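K.L.:
What follows is the file upload08.tsv, containing TSV, C-alpha atoms:
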chain	number	residue	atom	x	y	z
H	13	MET	CA	-0.90	-3.07	-8.11
H	14	PRO	CA	0.17	-1.84	-5.59
H	15	LEU	CA	-0.71	-4.51	-3.07
H	16	TYR	CA	-0.58	-3.59	0.61
H	17	THR	CA	-0.89	-6.32	3.23
H	18	ILE	CA	-1.71	-5.08	6.73
H	19	SER	CA	-1.04	-7.20	9.80
H	20	THR	CA	-1.95	-6.18	13.35
H	21	GLN	CA	-1.47	-7.53	16.86
H	22	ARG	CA	-5.16	-7.22	17.66
H	23	PRO	CA	-8.27	-7.86	15.60
H	24	LEU	CA	-9.55	-4.78	13.80
H	25	SER	CA	-13.17	-3.68	13.58
H	26	GLY	CA	-14.76	-3.25	10.18
H	27	SER	CA	-14.61	0.53	10.55
H	28	GLU	CA	-10.90	0.40	11.47
H	29	GLN	CA	-10.20	-1.76	8.43
H	30	GLN	CA	-12.12	0.59	6.15
H	31	ALA	CA	-10.32	3.61	7.59
H	32	LEU	CA	-6.94	1.93	6.97
H	33	VAL	CA	-7.95	1.05	3.39
H	34	SER	CA	-9.03	4.65	2.79
H	35	GLY	CA	-5.88	6.06	4.41
H	36	VAL	CA	-3.49	3.82	2.48
H	37	THR	CA	-5.30	4.46	-0.80
H	38	GLU	CA	-5.40	8.22	-0.31
H	39	ALA	CA	-1.74	8.41	0.68
H	40	HIS	CA	-0.60	6.21	-2.20
H	41	CYS	CA	-2.57	8.18	-4.80
H	42	THR	CA	-1.61	11.59	-3.42
H	43	ILE	CA	2.09	10.77	-3.19
H	44	THR	CA	2.53	8.73	-6.40
H	45	GLY	CA	-0.20	10.14	-8.65
H	46	ALA	CA	-1.47	6.63	-9.39
H	47	PRO	CA	-5.23	6.09	-9.78
H	48	ALA	CA	-7.15	4.75	-6.78
H	49	GLN	CA	-8.39	1.76	-8.77
H	50	PHE	CA	-4.82	0.41	-8.82
H	51	VAL	CA	-4.54	0.19	-5.01
H	52	GLN	CA	-5.31	-3.14	-3.34
H	53	VAL	CA	-5.32	-3.58	0.45
H	54	VAL	CA	-5.66	-6.92	2.24
H	55	PHE	CA	-5.57	-7.87	5.90
H	56	SER	CA	-3.70	-10.90	7.17
H	57	ARG	CA	-4.90	-12.99	10.06
H	58	GLY	CA	-3.02	-15.24	12.41
H	59	ILE	CA	0.27	-13.46	11.86
H	60	HIS	CA	2.60	-13.18	14.83
H	61	LEU	CA	4.30	-9.83	14.80
H	62	ARG	CA	7.40	-9.05	16.78
H	63	SER	CA	6.44	-8.22	20.34
H	64	LYS	CA	7.14	-4.50	19.86
H	65	SER	CA	4.99	-4.16	16.74
H	66	SER	CA	1.32	-3.24	16.77
H	67	LEU	CA	1.00	-2.96	13.00
H	68	HIS	CA	2.99	-3.99	9.94
H	69	ILE	CA	2.30	-2.89	6.36
H	70	LEU	CA	4.02	-4.77	3.54
H	71	GLY	CA	3.65	-2.96	0.25
H	72	SER	CA	4.49	-4.33	-3.18
H	73	ILE	CA	4.79	-1.24	-5.38
H	74	ARG	CA	5.82	-0.74	-8.99
H	75	SER	CA	9.54	-0.33	-9.51
H	76	GLY	CA	10.73	3.10	-10.50
H	77	ARG	CA	9.54	5.05	-7.46
H	78	SER	CA	12.23	7.30	-5.99
H	79	ASP	CA	13.56	6.89	-2.46
H	80	LYS	CA	11.86	10.20	-1.64
H	81	ILE	CA	8.47	8.79	-2.70
H	82	LYS	CA	9.04	5.54	-0.81
H	83	SER	CA	9.99	7.45	2.33
H	84	ALA	CA	6.93	9.69	1.99
H	85	LEU	CA	4.70	6.62	1.61
H	86	ALA	CA	6.16	4.86	4.65
H	87	ASN	CA	6.00	7.97	6.85
H	88	SER	CA	2.43	8.74	5.76
H	89	PHE	CA	1.27	5.19	6.49
H	90	ILE	CA	2.89	5.18	9.93
H	91	LYS	CA	1.40	8.54	10.89
H	92	MET	CA	-2.06	7.61	9.65
H	93	ALA	CA	-2.10	4.12	11.21
H	94	SER	CA	-0.73	5.19	14.59
H	95	GLN	CA	-3.36	7.94	14.84
H	96	LEU	CA	-6.15	5.66	13.72
H	97	LEU	CA	-5.24	2.76	16.02
H	98	GLY	CA	-4.07	4.90	18.93
H	99	CYS	CA	-0.62	3.35	19.12
H	100	SER	CA	2.87	4.76	19.12
H	101	SER	CA	4.41	5.32	15.69
H	102	ALA	CA	7.43	3.44	17.03
H	103	ARG	CA	5.21	0.33	17.08
H	104	CYS	CA	4.26	0.62	13.40
H	105	GLU	CA	6.41	-0.84	10.64
H	106	VAL	CA	6.34	-0.46	6.86
H	107	ASP	CA	8.29	-2.47	4.29
H	108	LEU	CA	8.07	-1.58	0.61
H	109	ILE	CA	9.15	-3.97	-2.13
H	110	ASP	CA	9.76	-2.93	-5.75
H	111	VAL	CA	8.01	-5.09	-8.33
H	112	PRO	CA	8.53	-4.53	-12.06
H	113	ALA	CA	5.28	-3.42	-13.71
H	114	SER	CA	5.81	-6.11	-16.34
H	115	TRP	CA	5.33	-8.78	-13.65
H	116	VAL	CA	1.75	-7.68	-12.93
H	117	ILE	CA	-1.39	-8.13	-15.03
H	118	GLU	CA	-4.67	-6.41	-14.21
H	119	GLY	CA	-7.74	-6.45	-16.41
H	120	GLY	CA	-5.91	-8.75	-18.83
H	121	ALA	CA	-3.14	-6.22	-19.51
H	122	VAL	CA	0.37	-5.76	-18.20
H	123	MET	CA	0.50	-2.85	-15.76
H	124	PRO	CA	2.01	0.41	-17.02
H	125	GLU	CA	5.26	1.91	-15.80
H	126	PRO	CA	4.85	4.70	-13.23
H	127	GLY	CA	3.76	7.84	-15.06
H	128	ASP	CA	2.13	5.95	-17.95
H	129	GLU	CA	-1.16	5.24	-16.15
H	130	GLN	CA	-3.43	7.54	-18.15
H	131	GLU	CA	-2.55	5.99	-21.51
H	132	TRP	CA	-3.03	2.52	-20.00
H	133	LEU	CA	-6.43	3.48	-18.57
H	134	THR	CA	-7.51	4.93	-21.93
H	135	GLN	CA	-6.55	1.69	-23.70
H	136	GLN	CA	-8.43	-0.37	-21.09
H	137	SER	CA	-11.63	1.63	-21.53
H	138	SER	CA	-11.74	1.28	-25.34
Kindly present the structure from the file in structure tokens form.
P.N.:
Amino acid sequence: MPLYTISTQRPLSGSEQQALVSGVTEAHCTITGAPAQFVQVVFSRGIHLRSKSSLHILGSIRSGRSDKIKSALANSFIKMASQLLGCSSARCEVDLIDVPASWVIEGGAVMPEPGDEQEWLTQQSS
């Protein structure tokens, strides 16, 4: 958690995919303070985007993030992806969905609420 699904109009090279993974992970961790090991990025294939869209990112993030944080995430993803793929930011879309931490289990434990990550990580390493 979070889980970001990236869909594009055209196939992406391995280096483009890795750059998107790195960009999404870095932005998420910088903006939210969550550890990088929480971030999951997957790429969908065979998805038909609206004709105006070059890229769509659907992010399932833990509930409790402020509108300011969500806006910062979306804007960061759009800027990064449009630069990386050489497309207009107007052709990039981001949707973020709040998911209660209690709905997600990683490493056999329910995910922590935002801000409680360090205690959770300490418990997982013992």
K.L.:
With 4 Å of padding per side, what axis-aligned box (centre and edge lengths, Å, one decimal) covers all the listed atoms of segment 92-103 of chain H? Give it as AutoDock Vina command-line options.
P.N.:
--center_x 0.6 --center_y 4.1 --center_z 14.4 --size_x 21.6 --size_y 15.6 --size_z 17.5
K.L.:
Have a look at H:Leu85, H:Leu67, H:Leu133, H:Leu15 and name the one nearest to Cys41 of chain H; count all atoms listed in the file.
P.N.:
H:Leu85
K.L.:
What does the distance between atom CA of Trp115 of chain H and atom CA of Thr20 of chain H come to in Å, to one decimal place?
P.N.:
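That distance, rounded to one decimal, is 28.1 Å.
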K.L.:
Please, what distance in Å, to one decimal, runs between atom CA of Glu129 of chain H and atom CA of Phe55 of chain H?
P.N.:
26.0 Å
K.L.:
Between atom CA of Arg103 of chain H and atom CA of Ser34 of chain H, what is the distance in Å, rounded to a tenth?
P.N.:
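Taking atom CA of Arg103 of chain H and atom CA of Ser34 of chain H, their separation equals 20.6 Å.
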K.L.:
For Arg22 of chain H, which residue among H:Ser83, H:Gln135, H:Ser66, H:Ser101 is the nearest when counting all atoms listed in the file?
P.N.:
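Among the listed residues, the smallest separation from Arg22 of chain H belongs to H:Ser66.
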K.L.:
Using only C-alpha atoms, which protein or nucleic acid residues come within 8 Å of Leu96 of chain H? Drop anything in the same chain fewer than 4 positions from it, and give the result as a list in words.
P.N.:
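Near neighbours after the sequence-gap exclusion: Glu28, Ala31, Leu32 and Met92 of chain H.
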K.L.:
Taking only C-alpha atoms into account, which of H:Ala48, H:Met13, H:Glu105, H:Gly26 comes nearest Ile117 of chain H?
P.N.:
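Looking only at the distances to Ile117 of chain H, the closest residue turns out to be H:Met13.
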K.L.:
Which residue gives the smallest distance to Ser27 of chain H among H:Arg74, H:Gly119, H:Ser114, H:Leu97, with all atoms listed in the file counted?
P.N.:
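Once distances to Ser27 of chain H are computed over all atoms listed in the file, the minimum belongs to H:Leu97.
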K.L.:
Give me, as a list in words, all polymer residues having an atom no more than 12 Å from Ile81 of chain H, counting all atoms listed in the file and skipping those fewer than 5 positions away in the same chain.
P.N.:
Ala39, His40, Cys41, Thr42, Ile43, Thr44, Gly45, Ile73, Arg74, Ser75, Gly76, Ala86, Asn87, Ser88, Leu108 and Pro126 of chain H
K.L.:
Which of these, H:Ser72, H:Ser56, H:Ser19, H:Gln49, has the shortest distance to Asp107 of chain H once you count all atoms listed in the file?
P.N.:
H:Ser72
K.L.:
Quick one: residues within 6 Å of (-3.7, 5.6, -13.3) (file frame), counting only C-alpha atoms, please, as JSON, numbers by chain.
P.N.:
{"H": [46, 47, 129, 130]}
